[in-house]
>>> print(open('entry12.cif').read())   # mmCIF, C-alpha atoms
data_coords
loop_
_atom_site.label_atom_id
_atom_site.label_comp_id
_atom_site.auth_asym_id
_atom_site.auth_seq_id
_atom_site.Cartn_x
_atom_site.Cartn_y
_atom_site.Cartn_z
CA MET A 16 0.00 0.00 0.00
CA GLY A 17 2.92 2.31 0.78
CA MET A 18 4.04 2.12 -2.84
CA LYS A 19 0.69 3.34 -4.08
CA LYS A 20 1.06 6.66 -2.27
CA LYS A 21 4.24 7.51 -4.17
CA ALA A 22 3.80 9.90 -7.03
CA LEU A 23 3.40 8.39 -10.45
CA ARG A 24 5.55 10.32 -12.89
CA ILE A 25 4.53 9.82 -16.48
CA ILE A 26 6.44 11.14 -19.44
CA PHE A 27 3.98 11.72 -22.23
CA TYR A 28 4.97 11.80 -25.86
CA GLY A 29 2.54 11.90 -28.75
CA GLY A 30 0.02 14.04 -30.56
CA TYR A 31 -3.16 15.62 -29.22
CA GLY A 32 -5.15 12.58 -30.25
CA ASP A 33 -2.77 10.26 -28.41
CA ALA A 34 -3.03 12.45 -25.32
CA LEU A 35 -6.82 12.09 -25.38
CA LEU A 36 -6.54 8.33 -25.77
CA TYR A 37 -4.38 8.13 -22.62
CA THR A 38 -6.95 9.86 -20.44
CA PRO A 39 -9.15 6.79 -19.65
CA ALA A 40 -6.02 4.98 -18.42
CA PHE A 41 -5.09 7.94 -16.20
CA LYS A 42 -8.60 7.89 -14.75
CA ALA A 43 -8.25 4.17 -13.99
CA LEU A 44 -4.84 4.77 -12.39
CA LYS A 45 -6.31 7.46 -10.16
CA GLU A 46 -9.23 5.28 -9.16
CA GLU A 47 -6.85 2.46 -8.31
CA ALA A 48 -5.03 4.65 -5.80
CA PRO A 49 -6.80 7.97 -5.16
CA ASP A 50 -4.06 9.22 -2.79
CA ARG A 51 -1.32 8.72 -5.34
CA LYS A 52 -0.27 11.85 -7.14
CA ILE A 53 -0.17 11.65 -10.93
CA ILE A 54 2.32 14.01 -12.55
CA ILE A 55 2.53 14.21 -16.31
CA TYR A 56 5.56 15.56 -18.11
CA CYS A 57 4.64 16.60 -21.63
CA VAL A 58 7.47 16.33 -24.14
CA ILE A 59 5.68 18.35 -26.81
CA LYS A 60 4.62 21.88 -25.97
CA GLY A 61 0.88 22.37 -26.02
CA GLN A 62 -0.05 18.82 -24.97
CA GLU A 63 -0.68 20.05 -21.44
CA GLN A 64 -3.90 21.65 -22.77
CA VAL A 65 -5.42 18.19 -22.98
CA PHE A 66 -4.84 17.38 -19.30
CA LYS A 67 -5.76 20.77 -17.85
CA ASN A 68 -8.65 20.65 -15.37
CA ASN A 69 -8.61 16.83 -15.41
CA PRO A 70 -9.35 15.59 -11.86
CA SER A 71 -7.30 12.43 -12.40
CA VAL A 72 -4.15 14.40 -13.16
CA ASP A 73 -2.57 16.28 -10.26
CA GLU A 74 0.14 18.15 -12.13
CA VAL A 75 1.05 18.77 -15.74
CA ARG A 76 4.54 19.96 -16.54
CA GLY A 77 6.83 20.48 -19.47
CA VAL A 78 10.23 18.83 -19.72
CA SER A 79 12.50 21.85 -19.53
CA PHE A 80 15.45 21.50 -17.18
CA ILE A 81 14.98 25.04 -15.84
CA LYS A 82 11.45 24.31 -14.64
CA ASN A 83 12.07 20.76 -13.42
CA PRO A 84 15.68 20.54 -12.18
CA ILE A 85 14.95 17.94 -9.49
CA ALA A 86 12.88 15.75 -11.79
CA PHE A 87 15.64 15.99 -14.41
CA MET A 88 18.24 14.83 -11.92
CA GLY A 89 15.88 12.14 -10.70
CA TYR A 90 15.40 10.89 -14.22
CA TYR A 91 19.03 10.86 -15.33
CA LEU A 92 20.43 9.56 -12.05
CA LYS A 93 17.55 7.10 -11.75
CA TRP A 94 16.46 8.37 -8.32
CA MET A 95 12.86 8.52 -9.34
CA PRO A 96 10.86 6.08 -11.42
CA PHE A 97 9.29 7.52 -14.56
CA LEU A 98 6.81 5.72 -16.76
CA PHE A 99 7.32 6.26 -20.44
CA TYR A 100 4.98 4.08 -22.46
CA HIS A 101 4.29 5.08 -25.99
CA TYR A 102 1.77 2.64 -27.40
CA GLY A 103 2.57 3.68 -30.98
CA GLU A 104 5.88 1.85 -30.74
CA TYR A 105 3.98 -1.43 -30.58
CA CYS A 106 2.42 -0.85 -34.02
CA PRO A 107 -1.19 -1.34 -32.88
CA THR A 108 -2.50 -1.16 -36.44
CA LEU A 109 -0.53 -4.26 -37.35
CA PHE A 110 -0.47 -6.40 -34.24
CA TYR A 111 -3.51 -5.59 -32.11
CA ASP A 112 -7.19 -6.15 -32.38
CA LYS A 113 -8.47 -3.95 -29.59
CA ASN A 114 -9.01 -0.28 -29.04
CA ALA A 115 -6.00 1.97 -28.47
CA LYS A 116 -7.46 3.06 -25.12
CA GLU A 117 -7.36 -0.54 -23.91
CA ILE A 118 -3.85 -1.08 -25.26
CA ILE A 119 -2.68 1.97 -23.29
CA ALA A 120 -4.44 0.72 -20.15
CA ASP A 121 -2.69 -2.64 -20.57
CA LEU A 122 0.68 -0.87 -20.72
CA TYR A 123 -0.07 0.80 -17.38
CA GLY A 124 -1.40 -2.44 -15.92
CA VAL A 125 -4.95 -1.20 -15.31
CA LYS A 126 -8.36 -2.34 -16.50
CA LEU A 127 -10.73 0.26 -17.86
CA LYS A 128 -14.09 0.42 -16.08
CA ASP A 129 -14.89 3.50 -18.12
CA ASP A 130 -13.26 3.78 -21.52
CA LYS A 131 -14.59 7.24 -22.28
CA VAL A 132 -12.08 9.92 -23.29
CA GLN A 133 -11.68 12.36 -20.39
CA PHE A 134 -11.65 16.04 -21.20
CA PHE A 135 -12.81 18.80 -18.88
CA LEU A 136 -13.63 22.35 -19.81
CA THR A 137 -13.57 25.07 -17.20
CA LYS A 138 -16.90 26.78 -16.48
CA LYS A 139 -15.72 29.84 -18.37
CA GLU A 140 -14.61 27.79 -21.40
CA ASP A 141 -17.90 25.95 -21.38
CA ARG A 142 -19.93 29.15 -21.27
CA THR A 143 -17.87 30.82 -23.99
CA ALA A 144 -18.22 27.80 -26.27
CA LYS A 145 -21.97 27.62 -25.75
CA GLU A 146 -22.41 31.32 -26.49
CA TYR A 147 -20.22 31.10 -29.57
CA MET A 148 -22.10 28.15 -31.00
CA ALA A 149 -25.51 29.77 -30.43
CA GLN A 150 -24.94 31.93 -33.53
CA PHE A 151 -24.93 28.94 -35.88
CA LYS A 152 -27.90 27.01 -37.15
CA ASP A 153 -27.46 23.24 -36.72
CA PRO A 154 -23.68 23.37 -36.55
CA ILE A 155 -21.67 20.38 -37.73
CA LEU A 156 -17.92 20.40 -37.21
CA ILE A 157 -15.77 19.13 -40.02
CA HIS A 158 -12.10 18.17 -39.96
CA VAL A 159 -10.55 16.94 -43.17
CA THR A 160 -6.83 16.73 -42.48
CA SER A 161 -4.86 14.06 -40.69
CA ARG A 162 -1.55 15.29 -39.31
CA ALA A 163 -0.43 11.67 -38.86
CA SER A 164 -0.60 10.73 -42.53
CA PRO A 165 -1.94 12.28 -45.74
CA ASN A 166 -2.97 8.76 -46.75
CA GLN A 167 -5.88 9.16 -44.33
CA HIS A 168 -7.30 12.00 -46.41
CA TRP A 169 -10.57 11.56 -48.21
CA GLU A 170 -10.77 13.19 -51.67
CA HIS A 171 -11.11 16.89 -51.03
CA ASP A 172 -13.83 17.26 -53.61
CA ASN A 173 -15.90 14.76 -51.63
CA TRP A 174 -15.89 17.10 -48.65
CA ASN A 175 -16.99 19.98 -50.86
CA ARG A 176 -19.80 17.88 -52.26
CA LEU A 177 -20.92 16.69 -48.85
CA VAL A 178 -21.24 20.26 -47.57
CA GLU A 179 -22.98 21.33 -50.75
CA GLU A 180 -25.50 18.53 -50.49
CA MET A 181 -26.51 19.48 -46.95
CA PRO A 182 -27.28 23.21 -47.16
CA GLU A 183 -29.68 23.07 -44.20
CA TYR A 184 -26.72 22.59 -41.84
CA THR A 185 -23.82 24.91 -40.98
CA PHE A 186 -20.48 23.19 -41.41
CA LEU A 187 -17.64 24.70 -39.39
CA GLN A 188 -14.19 23.68 -40.53
CA LEU A 189 -11.66 22.93 -37.80
CA GLY A 190 -7.93 22.56 -38.09
CA LEU A 191 -4.83 24.57 -38.70
CA GLU A 192 -4.44 27.42 -41.14
CA ASP A 193 -2.35 25.39 -43.60
CA GLU A 194 -5.07 22.76 -44.03
CA LYS A 195 -7.07 22.79 -47.25
CA LYS A 196 -10.27 24.80 -47.14
CA VAL A 197 -13.63 23.18 -47.72
CA GLU A 198 -15.73 25.44 -49.91
CA LYS A 199 -18.93 26.69 -48.29
CA ALA A 200 -17.83 25.68 -44.79
CA VAL A 201 -17.39 28.39 -42.16
CA ASP A 202 -13.66 28.79 -41.83
CA LEU A 203 -12.40 28.30 -38.29
CA ARG A 204 -8.98 27.04 -39.33
CA GLY A 205 -6.26 28.46 -37.14
CA GLN A 206 -8.67 30.62 -35.18
CA LEU A 207 -9.24 28.58 -32.06
CA SER A 208 -6.99 26.90 -29.52
CA PHE A 209 -7.28 23.16 -29.00
CA ARG A 210 -9.35 23.65 -25.85
CA GLU A 211 -11.62 26.18 -27.53
CA THR A 212 -12.14 23.76 -30.40
CA LEU A 213 -13.12 20.99 -28.03
CA GLY A 214 -15.47 23.44 -26.33
CA ILE A 215 -17.37 24.05 -29.53
CA LEU A 216 -17.29 20.33 -30.27
CA LYS A 217 -19.37 19.85 -27.14
CA TYR A 218 -22.00 22.24 -28.45
CA SER A 219 -22.23 21.07 -32.02
CA LYS A 220 -24.84 18.81 -33.56
CA SER A 221 -22.36 16.41 -35.04
CA PHE A 222 -18.86 15.88 -36.30
CA VAL A 223 -17.60 14.53 -39.58
CA GLY A 224 -13.99 14.00 -40.47
CA VAL A 225 -10.94 11.84 -40.76
CA ASN A 226 -9.23 9.83 -38.05
CA SER A 227 -7.75 12.67 -36.01
CA SER A 228 -7.61 14.11 -32.49
CA PHE A 229 -11.01 15.76 -32.92
CA ALA A 230 -12.55 12.42 -33.87
CA HIS A 231 -11.25 11.02 -30.55
CA ALA A 232 -12.44 14.10 -28.69
CA THR A 233 -16.06 13.49 -29.76
CA ASN A 234 -15.98 10.53 -27.37
CA ALA A 235 -15.54 12.82 -24.37
CA PHE A 236 -18.90 14.47 -25.11
CA ASP A 237 -20.73 11.46 -26.59
CA LEU A 238 -21.12 13.47 -29.75
CA PRO A 239 -22.52 11.29 -32.53
CA GLY A 240 -20.21 11.76 -35.48
CA VAL A 241 -19.00 10.12 -38.65
CA VAL A 242 -15.35 9.25 -39.23
CA VAL A 243 -13.81 7.95 -42.43
CA PHE A 244 -11.05 5.39 -42.09
CA GLY A 245 -8.64 3.82 -44.57
CA PRO A 246 -5.01 3.18 -43.61
CA ALA A 247 -6.01 2.57 -39.97
CA GLN A 248 -8.85 0.41 -38.75
CA PRO A 249 -11.70 1.56 -36.47
CA ALA A 250 -11.27 -1.47 -34.19
CA ILE A 251 -8.21 0.33 -32.83
CA TRP A 252 -8.76 3.99 -33.52
CA GLY A 253 -12.53 4.29 -33.73
CA GLN A 254 -14.81 5.67 -31.03
CA SER A 255 -18.08 3.95 -30.23
CA ASN A 256 -20.12 7.17 -30.39
CA ASN A 257 -19.23 7.59 -34.06
CA ILE A 258 -20.23 5.76 -37.19
CA ASN A 259 -16.83 4.66 -38.42
CA ILE A 260 -16.74 4.04 -42.15
CA PHE A 261 -13.99 1.68 -43.22
CA LYS A 262 -13.54 -0.22 -46.46
CA SER A 263 -11.04 -2.93 -46.01
CA VAL A 264 -8.77 -3.35 -49.00
CA ARG A 265 -6.00 -5.92 -49.33
CA CYS A 266 -3.15 -3.61 -48.33
CA SER A 267 -4.97 -1.88 -45.45
CA PRO A 268 -4.24 -1.16 -42.62
CA CYS A 269 -0.89 0.33 -43.53
CA LEU A 270 -0.64 3.37 -41.26
CA GLU A 271 2.34 2.04 -39.35
CA ILE A 272 4.07 0.76 -42.48
CA LEU A 273 3.79 3.77 -44.73
CA ARG A 274 3.23 6.50 -42.12
CA ALA A 275 3.35 9.73 -44.11
CA SER A 276 4.93 8.19 -47.23
CA PRO A 277 2.64 8.49 -50.26
CA CYS A 278 0.37 5.54 -50.97
CA PRO A 279 1.37 3.93 -54.29
CA TYR A 280 -2.26 2.96 -54.90
CA ASN A 281 -3.40 6.55 -54.63
CA ARG A 282 -5.40 5.96 -51.43
CA LEU A 283 -7.57 3.21 -52.85
CA CYS A 284 -9.09 2.50 -49.44
CA MET A 285 -10.26 6.09 -48.97
CA LYS A 286 -11.57 6.24 -52.54
CA GLN A 287 -13.96 3.37 -51.85
CA ILE A 288 -15.92 5.59 -49.46
CA THR A 289 -18.67 7.50 -51.22
CA VAL A 290 -20.24 10.86 -50.44
CA ALA A 291 -23.66 9.19 -50.36
CA GLU A 292 -22.73 6.82 -47.56
CA VAL A 293 -21.06 9.52 -45.48
CA LYS A 294 -24.13 11.71 -45.91
CA GLU A 295 -26.45 8.85 -44.98
CA ALA A 296 -24.43 8.11 -41.85
CA LEU A 297 -24.33 11.77 -40.91
CA LEU A 298 -28.09 12.17 -41.29
CA LYS A 299 -28.56 9.09 -39.13
CA GLN A 300 -26.34 10.57 -36.42
CA LEU A 301 -28.05 13.95 -36.61
CA LYS A 302 -31.36 12.30 -35.77
CA THR A 303 -29.94 11.00 -32.50
CA ARG A 304 -28.73 14.36 -31.21
CA SER A 305 -30.93 17.00 -29.64
CA LEU A 306 -29.09 20.21 -28.91
CA SER A 307 -30.29 23.24 -27.03
CA LEU A 308 -28.05 26.29 -26.97
CA SER A 309 -30.53 28.72 -25.51
CA MET B 27 -13.17 -24.09 -62.25
CA ARG B 28 -12.18 -20.89 -64.00
CA ASN B 29 -11.94 -20.87 -67.76
CA GLU B 30 -8.84 -19.91 -69.73
CA ALA B 31 -10.06 -16.41 -70.61
CA GLU B 32 -10.77 -15.60 -66.97
CA ILE B 33 -7.29 -16.70 -65.93
CA ILE B 34 -5.69 -14.64 -68.69
CA THR B 35 -7.68 -11.57 -67.60
CA LYS B 36 -6.60 -12.11 -64.00
CA ILE B 37 -2.96 -12.49 -65.04
CA GLU B 38 -3.17 -9.24 -67.00
CA GLU B 39 -4.70 -7.49 -64.01
CA LEU B 40 -1.94 -8.76 -61.72
CA GLN B 41 0.69 -7.74 -64.25
CA GLN B 42 -0.75 -4.23 -64.32
CA ASN B 43 -0.52 -4.04 -60.54
CA LEU B 44 3.05 -5.29 -60.68
CA SER B 45 4.04 -2.72 -63.30
CA LEU B 46 2.47 0.05 -61.23
CA ILE B 47 4.66 -0.98 -58.31
CA THR B 48 7.85 -1.48 -60.33
CA GLY B 49 7.27 1.86 -62.05
CA ARG B 50 6.84 3.63 -58.72
CA THR B 51 9.94 1.87 -57.35
CA ALA B 52 12.03 2.90 -60.36
CA GLU B 53 10.86 6.48 -59.91
CA GLU B 54 11.89 6.48 -56.25
CA ILE B 55 15.22 4.76 -56.93
CA LYS B 56 16.12 7.47 -59.45
CA LYS B 57 16.22 10.01 -56.65
CA PRO B 58 19.52 10.70 -54.88
CA LEU B 59 20.04 8.52 -51.80
CA LYS B 60 19.30 11.27 -49.31
CA ASP B 61 15.98 12.09 -50.94
CA ARG B 62 14.69 8.52 -51.14
CA ASP B 63 11.68 7.57 -49.08
CA ASN B 64 12.88 4.35 -47.49
CA ARG B 65 9.60 3.60 -45.81
CA LEU B 66 7.87 3.80 -49.18
CA LEU B 67 10.58 1.67 -50.83
CA GLN B 68 10.14 -1.05 -48.20
CA PHE B 69 6.40 -1.02 -48.77
CA LEU B 70 6.88 -1.18 -52.54
CA HIS B 71 9.27 -4.09 -52.15
CA MET B 72 6.70 -5.96 -50.08
CA GLU B 73 3.98 -5.20 -52.62
CA ARG B 74 6.18 -6.34 -55.53
CA LYS B 75 6.63 -9.68 -53.77
CA VAL B 76 2.85 -9.98 -53.30
CA TRP B 77 2.11 -9.47 -57.00
CA GLU B 78 5.00 -11.65 -58.17
CA CYS B 79 3.83 -14.46 -55.94
CA ALA B 80 0.24 -14.08 -57.18
CA LEU B 81 1.47 -14.17 -60.79
CA ILE B 82 3.48 -17.33 -60.22
CA GLN B 83 0.40 -19.00 -58.75
CA MET B 84 -1.81 -17.88 -61.61
CA LYS B 85 0.67 -19.02 -64.23
CA TRP B 86 0.91 -22.37 -62.51
CA LEU B 87 -2.87 -22.64 -62.62
CA PHE B 88 -2.89 -21.62 -66.28
CA ASP B 89 -0.28 -24.26 -67.15
CA ASN B 90 -2.41 -26.90 -65.47
CA GLU B 91 -5.61 -25.88 -67.23
#
>>> encode(input="entry12.cif", output="structure tokens")
Amino acid sequence: MGMKKKALRIIFYGGYGDALLYTPAFKALKEEAPDRKIIIYCVIKGQEQVFKNNPSVDEVRGVSFIKNPIAFMGYYLKWMPFLFYHYGEYCPTLFYDKNAKEIIADLYGVKLKDDKVQFFLTKKEDRTAKEYMAQFKDPILIHVTSRASPNQHWEHDNWNRLVEEMPEYTFLQLGLEDEKKVEKAVDLRGQLSFRETLGILKYSKSFVGVNSSFAHATNAFDLPGVVVFGPAQPAIWGQSNNINIFKSVRCSPCLEILRASPCPYNRLCMKQITVAEVKEALLKQLKTRSLSLS
Amino acid sequence: MRNEAEIITKIEELQQNLSLITGRTAEEIKKPLKDRDNRLLQFLHMERKVWECALIQMKWLFDNE
């Protein structure tokens, strides 16, 4: 029991989406030993945004020597134990058949009672997001770019067509400024922080996009969305609140083989997904969501 | 059992796939060493083996027909 009270120091490395996928495991770790302090050291700047306000995480820090001299010494001189599990190294796409959240929990030796992604807005963030979203009629968030691999991209023209075919809804495009613009979608690229984006996700009618951090984030709010998959399979990366569209082709999944290298088959797996089926899935999801922003 | 025409069509299809891969490999190999995408080359190598193996099997089937 004495061991459990010691702080658990976790070095976190990965993208925003990975950070979200770790949160159910951190919740389970906290529940296992509520008195034990969980300290997360984020290798990449900005990742701490994901863990802010999370009751399972006691402290979130960067990895600079100046700010953490004792932890640095503890790490290099092996005075303190640090956990550094990056599930991506185990090539889940190739060798696993269960959800990434469970794989992460296995690495930390915990069982997930609740596999929901954990993300907590502050009251102010929540209010701001709600007020912001009130200006849009039936807002649907759209994210078309995968930072992990361009092979996960659906034909850009398909996104344009999807938005065009559903004029009764307001599509708000998320992402960074350098991502390709979807015609007729409200352009929010590069305008919101990650936390602000997740705030508006909570108050949207639905989400449609590629396998990305925002697709994982929908799980935190039980937002019914639609996600298109190709080089990675939904069994690992999909969230149960979404309709995950995946057309298995012979060479898929290849995410951990090709990574960002260009697909020689010109993204055959993504090309199998039609606008009609994405639209149908989205309409189905929209029926399940009632949203009041007043 | 498949008829001769069907097997020939399948062989042609597999050959097309193989030439796509060999063409893409040749293109990548032309690049200077430092610019080559090794991850892509490994994938292409694996794919070439897949199509070559399929072709051998189909030709064997064709010979037996």
>>> resolve_selection(input="entry12.cif", expression="the PyMOL selection byres ((chain B and resi 44) around 10)", output="PDB file with C-alpha atoms, in the frame of the given file")
ATOM      1  CA  GLU B  38      -3.170  -9.240 -67.000  1.00  0.00           C
ATOM      2  CA  GLU B  39      -4.700  -7.490 -64.010  1.00  0.00           C
ATOM      3  CA  LEU B  40      -1.940  -8.760 -61.720  1.00  0.00           C
ATOM      4  CA  GLN B  41       0.690  -7.740 -64.250  1.00  0.00           C
ATOM      5  CA  GLN B  42      -0.750  -4.230 -64.320  1.00  0.00           C
ATOM      6  CA  ASN B  43      -0.520  -4.040 -60.540  1.00  0.00           C
ATOM      7  CA  SER B  45       4.040  -2.720 -63.300  1.00  0.00           C
ATOM      8  CA  LEU B  46       2.470   0.050 -61.230  1.00  0.00           C
ATOM      9  CA  ILE B  47       4.660  -0.980 -58.310  1.00  0.00           C
ATOM     10  CA  THR B  48       7.850  -1.480 -60.330  1.00  0.00           C
ATOM     11  CA  GLY B  49       7.270   1.860 -62.050  1.00  0.00           C
ATOM     12  CA  ARG B  50       6.840   3.630 -58.720  1.00  0.00           C
ATOM     13  CA  LEU B  70       6.880  -1.180 -52.540  1.00  0.00           C
ATOM     14  CA  GLU B  73       3.980  -5.200 -52.620  1.00  0.00           C
ATOM     15  CA  ARG B  74       6.180  -6.340 -55.530  1.00  0.00           C
ATOM     16  CA  LYS B  75       6.630  -9.680 -53.770  1.00  0.00           C
ATOM     17  CA  VAL B  76       2.850  -9.980 -53.300  1.00  0.00           C
ATOM     18  CA  TRP B  77       2.110  -9.470 -57.000  1.00  0.00           C
ATOM     19  CA  GLU B  78       5.000 -11.650 -58.170  1.00  0.00           C
ATOM     20  CA  ALA B  80       0.240 -14.080 -57.180  1.00  0.00           C
ATOM     21  CA  LEU B  81       1.470 -14.170 -60.790  1.00  0.00           C
TER      22      LEU B  81
END
>>> closest_residue(input="entry12.cif", among="A:Gly214, A:Pro49, A:Pro246, A:Pro277", to="chain B", atoms="only C-alpha atoms")
A:Pro277
>>> resolve_selection(input="entry12.cif", expression="the PyMOL selection byres ((chain A) within 8 of (chain B))", output="count of residues only")
7
>>> atom_distance(input="entry12.cif", atom1="atom CA of A:Asn69", atom2="atom CA of A:Ala34")
12.2 Å
>>> residues_around(input="entry12.cif", residues="stretch 51-55 of chain A", least_positions_apart="6", cutoff="12 Å", atoms="all atoms listed in the file", output="number ranges by chain")
A: 16-28, 34, 37-38, 40-45, 62-67, 69-78, 83, 86, 96-99
>>> atom_distance(input="entry12.cif", atom1="atom CA of A:Gly32", atom2="atom CA of A:Trp252")
9.9 Å
>>> atom_distance(input="entry12.cif", atom1="atom CA of A:Glu292", atom2="atom CA of A:Thr108")
24.4 Å
>>> resolve_selection(input="entry12.cif", expression="the PyMOL selection byres ((chain A and resi 123) around 8)", output="mmCIF file with C-alpha atoms, in the coordinates of the input")
data_model
loop_
_atom_site.group_PDB
_atom_site.id
_atom_site.type_symbol
_atom_site.label_atom_id
_atom_site.label_comp_id
_atom_site.auth_asym_id
_atom_site.auth_seq_id
_atom_site.Cartn_x
_atom_site.Cartn_y
_atom_site.Cartn_z
ATOM 1 C CA ALA A 40 -6.020 4.980 -18.420
ATOM 2 C CA LEU A 44 -4.840 4.770 -12.390
ATOM 3 C CA TYR A 100 4.980 4.080 -22.460
ATOM 4 C CA ILE A 119 -2.680 1.970 -23.290
ATOM 5 C CA ALA A 120 -4.440 0.720 -20.150
ATOM 6 C CA ASP A 121 -2.690 -2.640 -20.570
ATOM 7 C CA LEU A 122 0.680 -0.870 -20.720
ATOM 8 C CA GLY A 124 -1.400 -2.440 -15.920
ATOM 9 C CA VAL A 125 -4.950 -1.200 -15.310
#
>>> residues_around(input="entry12.cif", residues="A:Asn68", least_positions_apart="5", cutoff="9 Å", atoms="all atoms listed in the file", output="list in words")
Phe134, Phe135, Leu136 and Thr137 of chain A
>>> residues_around(input="entry12.cif", residues="stretch 177-179 of chain A", least_positions_apart="6", cutoff="12 Å", atoms="only C-alpha atoms", output="PyMOL selection string")
chain A and resi 154-157+159+169-171+185-188+196-201+223-224+289-298
>>> closest_residue(input="entry12.cif", among="A:Ile215, A:Leu189, A:Leu109, A:Ala48", to="A:Glu271", atoms="only C-alpha atoms")
A:Leu109
